[in-house]
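Take a look at the structure below.
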Amino acid sequence: MKEPKKWACSALLVFTVVFLFSSSLLFMKEKNDPNQPRRSLKPSHCCPPKRLSEEPIIDFQFPDPSTQPIRLRRPAHILGEDRDFVAKYNKAISIMKTLPYDDPRNFMRQSNIHCTFCTGAYNQQHSNTFMMNVHMSWISHLPPKVVDGNYKGKERGLGSEEQKAYNVALMYTQMISAAKKPELFMGCPFKAGRFGYCNAGGTLETAPHNTLHYWMGSNLRNEWEDMGSLYSAARDPIFYSHHSNIDRLWEVWRKLNSKNINPEDPDWLDTEFFFHNEKSQLVRVKIRDALDITELRYTFEEVVNPWSHINARPKPSVPPLIAKQMLKMRNHDNGGLLLTASDFGRLGRILDTIIRVQVQRPRTNRTKNEIEYEEEVLVVEFAGTFVNMRRGVKVMMNKDDVAVDMKRNLKLGISELLEDLEADGDESIWVSLVPQGDTGVNISIDGIRIEPP
Ligand SMILES: [Cu+2]
């Protein structure tokens, strides 16, 4: 089992954080005292006490459908009102916390699973420098507070209702308009020995996954522990509801459109992870074992996703006609750096100010059918980090390893956006790259282009 009973999903928009489950109560005092110096949690050793070779390993088996009924995963915001459930849940957590550390069901041991797989404790086969990474990314966010689904380290200053509307529009973009190809939603393949290969996260991972980790992390700790840092995130019980919700959104996305399919690359399907089950046996689980929730004998409670309605589609902030006139005047604008795609040169440009780039489109005036089936993709080549989770530890796996600032591609689906801006007939578009937040920046942009559909 990957996690101690993944028990619930939670709907993002009504995620007026249920700290009631959360060890973050511990941090409340600190959060209220901004004069306290920032500090990190103690260094963490998260490898399991026994080596893999010291324990017998069994292969994961699907539960027997004749004996195992389908379990229902319910949203955290509804479960928070169910006192019996909360009592049961608290009891389960406290039992896990009282188990000795050498019992793999111990709470800290479970939370360290995230630490081992995400901070580079394992090397990938045939590669010394390539880290296994399940994924990449609290200020005074005391409850009740509506989450900022696009948090980048700065308060947006919106009221609850405005923030909810913002989140609905963001989720429409992340789940629908910018997620029309599997590689846009999931991120592209990330393979050993292929540096420079597209490896930026997909829409789901970037936001809400990374942004919510960051929003829930503590701004009083150097590495935004606990939820904001990879090694410590799973020490907070809210981690499990957050991830269950991400699993739920993945499932919702798959059902939105027949083109929304999981990757079929055997490298991905056969990637192995090791978890202890409820009987403390060590189980080898492959990604292919975790993809079909019916085979796993669970389902998510149906909830309304406010972003999935067509009227959630964001409207342009400026009417397209006026925007076009503004663009004509762009040459007289001195706010930021104006470039064309060929101006980046061999060394790229540091993103320390707004960079506006005019990018040529390979094709214009596409038919409805082409727009529907051939997504236009804007590619930004960069080195550095956008909203990624912090590791919280410096990872060097072997003595002679060199830290490499890996080149990445950020891919954005823009067909629907161009339609909204009435710009499908335009031969070029202007893209503004805006440095934002306190995300460990240091981004250099190597180039920007539109991938021909
Ligand atoms: Cu996560």
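Going by the structure tokens order, chains are called A, B, ..., each with residues numbered from 1, while ligands are numbered from 1 in the order shown.
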Shell of 10 Å around stretch 406-417 of chain A, only C-alpha atoms, local chain residues under 3 positions omitted, as a VMD selection string: chain A and resid 173 to 174 176 to 181 183 to 185 187 to 188 195 to 203 313 to 316 366 370 to 372 374 to 386 403 420 to 424 444 to 451
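The gap separating atom CA of A:Ser308 from atom CA of A:Met216 is 25.1 Å, in Å to one decimal.
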Show which residues sit within 7 Å of stretch 429-436 of chain A, as a PyMOL selection string. Count only C-alpha atoms, and ignore same-chain residues fewer than 5 positions away. chain A and resi 351-360
Convert the current residue selection to file output with N, CA and C atoms, as a CSV table (one decimal), in the first residue's frame.
```csv
chain,number,residue,atom,x,y,z
A,351,LEU,N,15.7,35.9,-16.6
A,351,LEU,CA,14.4,36.5,-16.4
A,351,LEU,C,14.3,37.3,-15.2
A,352,ASP,N,15.0,38.5,-15.2
A,352,ASP,CA,15.0,39.4,-14.0
A,352,ASP,C,14.1,40.6,-14.2
A,353,THR,N,13.5,40.7,-15.4
A,353,THR,CA,12.5,41.7,-15.7
A,353,THR,C,11.5,41.1,-16.6
A,354,ILE,N,10.4,41.8,-16.8
A,354,ILE,CA,9.4,41.3,-17.7
A,354,ILE,C,10.0,41.3,-19.1
A,355,ILE,N,9.9,40.1,-19.8
A,355,ILE,CA,10.4,40.0,-21.2
A,355,ILE,C,9.2,39.8,-22.1
A,356,ARG,N,9.0,40.7,-23.0
A,356,ARG,CA,7.9,40.5,-24.0
A,356,ARG,C,8.4,40.0,-25.3
A,357,VAL,N,7.9,38.9,-25.8
A,357,VAL,CA,8.4,38.3,-27.0
A,357,VAL,C,7.4,38.2,-28.1
A,358,GLN,N,7.8,38.6,-29.3
A,358,GLN,CA,6.8,38.4,-30.4
A,358,GLN,C,7.2,37.0,-31.1
A,359,VAL,N,6.2,36.1,-31.1
A,359,VAL,CA,6.4,34.8,-31.6
A,359,VAL,C,5.6,34.5,-32.8
A,360,GLN,N,6.3,34.0,-33.9
A,360,GLN,CA,5.6,33.7,-35.1
A,360,GLN,C,4.8,32.5,-35.0
```
Can you tell me which residues surround A:Leu204 at a distance of at most 12 Å, considering only C-alpha atoms, apart from same-chain residues fewer than 3 positions away, and format the answer as a PyMOL selection string? chain A and resi 135-137+149-150+170-176+178-179+182-187+200-201+207-212+243+245-253
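Counting from atom CA of A:Glu272, the distance to atom CA of A:Lys286 is 4.5 Å.
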10 Å contact set for A:Leu291, only C-alpha atoms, chain neighbours under 2 positions out, as a ChimeraX atom specification: /A:247,251,262,269,286-289,293-296
Residues as selected, N, CA and C atoms, written as a PDB file, in the first residue's frame, can you do that?
```pdb
ATOM      1  N   ASP A 247      -5.218  12.631  -7.294  1.00  0.00           N
ATOM      2  CA  ASP A 247      -5.629  11.379  -7.953  1.00  0.00           C
ATOM      3  C   ASP A 247      -7.038  11.520  -8.526  1.00  0.00           C
ATOM      4  N   GLU A 251      -8.424  11.330 -12.476  1.00  0.00           N
ATOM      5  CA  GLU A 251      -9.538  10.469 -12.901  1.00  0.00           C
ATOM      6  C   GLU A 251     -10.617  11.296 -13.613  1.00  0.00           C
ATOM      7  N   ASN A 262      -3.863   7.806 -20.510  1.00  0.00           N
ATOM      8  CA  ASN A 262      -2.601   7.655 -19.791  1.00  0.00           C
ATOM      9  C   ASN A 262      -1.485   7.269 -20.762  1.00  0.00           C
ATOM     10  N   LEU A 269       5.167   2.574 -17.322  1.00  0.00           N
ATOM     11  CA  LEU A 269       4.255   1.579 -16.742  1.00  0.00           C
ATOM     12  C   LEU A 269       4.978   0.600 -15.809  1.00  0.00           C
ATOM     13  N   LYS A 286       4.117  -1.547  -9.344  1.00  0.00           N
ATOM     14  CA  LYS A 286       4.478  -0.837 -10.574  1.00  0.00           C
ATOM     15  C   LYS A 286       3.423   0.217 -10.860  1.00  0.00           C
ATOM     16  N   ILE A 287       3.802   1.197 -11.647  1.00  0.00           N
ATOM     17  CA  ILE A 287       2.834   2.244 -11.971  1.00  0.00           C
ATOM     18  C   ILE A 287       1.594   1.635 -12.613  1.00  0.00           C
ATOM     19  N   ARG A 288       1.789   0.605 -13.458  1.00  0.00           N
ATOM     20  CA  ARG A 288       0.627  -0.007 -14.109  1.00  0.00           C
ATOM     21  C   ARG A 288      -0.367  -0.604 -13.103  1.00  0.00           C
ATOM     22  N   ASP A 289       0.095  -0.902 -11.889  1.00  0.00           N
ATOM     23  CA  ASP A 289      -0.794  -1.461 -10.857  1.00  0.00           C
ATOM     24  C   ASP A 289      -1.691  -0.402 -10.236  1.00  0.00           C
ATOM     25  N   ILE A 293      -8.797   2.358 -10.971  1.00  0.00           N
ATOM     26  CA  ILE A 293      -9.320   2.414  -9.598  1.00  0.00           C
ATOM     27  C   ILE A 293     -10.373   1.330  -9.330  1.00  0.00           C
ATOM     28  N   THR A 294     -11.021   0.840 -10.402  1.00  0.00           N
ATOM     29  CA  THR A 294     -12.001  -0.230 -10.170  1.00  0.00           C
ATOM     30  C   THR A 294     -11.264  -1.513  -9.786  1.00  0.00           C
ATOM     31  N   GLU A 295     -10.138  -1.776 -10.480  1.00  0.00           N
ATOM     32  CA  GLU A 295      -9.345  -2.956 -10.110  1.00  0.00           C
ATOM     33  C   GLU A 295      -8.793  -2.818  -8.689  1.00  0.00           C
ATOM     34  N   LEU A 296      -8.549  -1.582  -8.299  1.00  0.00           N
ATOM     35  CA  LEU A 296      -8.054  -1.347  -6.938  1.00  0.00           C
ATOM     36  C   LEU A 296      -9.211  -1.328  -5.931  1.00  0.00           C
TER      37      LEU A 296
END
```
All strand (DSSP E) residues (DSSP, backbone) inside stretch 70-297 of chain A, as a PDB file with C-alpha atoms, in the first residue's frame:
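Dumped to states-v7.pdb:
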```pdb
ATOM      1  CA  ARG A  71     -14.841   1.503  -1.239  1.00  0.00           C
ATOM      2  CA  LEU A  72     -16.000   5.087  -1.565  1.00  0.00           C
ATOM      3  CA  ARG A  73     -13.485   7.921  -1.139  1.00  0.00           C
ATOM      4  CA  ARG A  74     -15.257  10.970   0.179  1.00  0.00           C
ATOM      5  CA  PRO A  75     -14.275  14.656  -0.007  1.00  0.00           C
ATOM      6  CA  GLU A 272       8.775   0.109  -9.615  1.00  0.00           C
ATOM      7  CA  PHE A 273       8.191   1.391  -6.111  1.00  0.00           C
ATOM      8  CA  PHE A 274       8.385  -0.506  -2.828  1.00  0.00           C
ATOM      9  CA  PHE A 275       5.844  -0.124  -0.058  1.00  0.00           C
ATOM     10  CA  HIS A 276       4.928  -2.094   3.030  1.00  0.00           C
ATOM     11  CA  LEU A 282       7.348  -5.458   1.452  1.00  0.00           C
ATOM     12  CA  VAL A 283       5.449  -5.155  -1.844  1.00  0.00           C
ATOM     13  CA  ARG A 284       6.771  -4.254  -5.290  1.00  0.00           C
ATOM     14  CA  VAL A 285       4.239  -1.973  -6.963  1.00  0.00           C
ATOM     15  CA  LYS A 286       4.478  -0.837 -10.574  1.00  0.00           C
TER      16      LYS A 286
END
```
From the set A:Glu419, A:Asp102, A:Ile238, A:Lys191, which residue has the shortest atom-to-atom contact distance to A:Pro320, counting only C-alpha atoms? A:Glu419
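Selecting alpha helix (DSSP H) from the backbone DSSP output for stretch 244-282 of chain A yields A:Ser244, A:Asn245, A:Ile246, A:Asp247, A:Arg248, A:Leu249, A:Trp250, A:Glu251, A:Val252, A:Trp253, A:Arg254, A:Lys255, A:Leu256, A:Pro266, A:Asp267, A:Trp268, A:Leu269.
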Any chance you could export the current selection's C-alpha atoms as a PDB file, in the first residue's frame?
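Okay, selection_12.pdb is ready:
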```
ATOM      1  CA  SER A 244      -6.041  11.869  -2.999  1.00  0.00           C
ATOM      2  CA  ASN A 245      -7.573  14.972  -4.531  1.00  0.00           C
ATOM      3  CA  ILE A 246      -4.855  15.047  -7.184  1.00  0.00           C
ATOM      4  CA  ASP A 247      -5.629  11.379  -7.953  1.00  0.00           C
ATOM      5  CA  ARG A 248      -9.312  12.315  -8.195  1.00  0.00           C
ATOM      6  CA  LEU A 249      -8.615  15.184 -10.598  1.00  0.00           C
ATOM      7  CA  TRP A 250      -6.552  12.844 -12.760  1.00  0.00           C
ATOM      8  CA  GLU A 251      -9.538  10.469 -12.901  1.00  0.00           C
ATOM      9  CA  VAL A 252     -11.919  13.358 -13.704  1.00  0.00           C
ATOM     10  CA  TRP A 253      -9.610  14.536 -16.524  1.00  0.00           C
ATOM     11  CA  ARG A 254      -9.547  11.049 -18.078  1.00  0.00           C
ATOM     12  CA  LYS A 255     -13.319  11.050 -18.292  1.00  0.00           C
ATOM     13  CA  LEU A 256     -13.595  14.550 -19.784  1.00  0.00           C
ATOM     14  CA  PRO A 266       6.523   0.606 -20.813  1.00  0.00           C
ATOM     15  CA  ASP A 267       9.352   2.579 -19.124  1.00  0.00           C
ATOM     16  CA  TRP A 268       6.686   4.470 -17.228  1.00  0.00           C
ATOM     17  CA  LEU A 269       4.255   1.579 -16.742  1.00  0.00           C
TER      18      LEU A 269
END
```
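One distance worth recording is that between atom CA of A:Gly157 and atom CA of A:His213, which is 19.0 Å.
Minimum distance to ligand 1 across A:Ile95, A:Leu79, A:Ala234, A:Ile58 (counting only C-alpha atoms and all ligand atoms) occurs at A:Ala234.
For the set A:His114, A:Arg156, A:Lys164, A:Arg363, the residue with the smallest atom-to-atom gap to ligand 1 is A:His114, counting only C-alpha atoms and all ligand atoms.
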Check the smallest atom-to-atom distance from each of A:Asp236, A:Glu162, A:Asp148, A:Asp292 to ligand 1 using only C-alpha atoms and all ligand atoms, then report the winner. A:Asp236
Measuring atom to atom with only C-alpha atoms and all ligand atoms, identify which of A:Ala76, A:Cys115, A:Leu230, A:Ala165 is nearest to ligand 1. A:Leu230
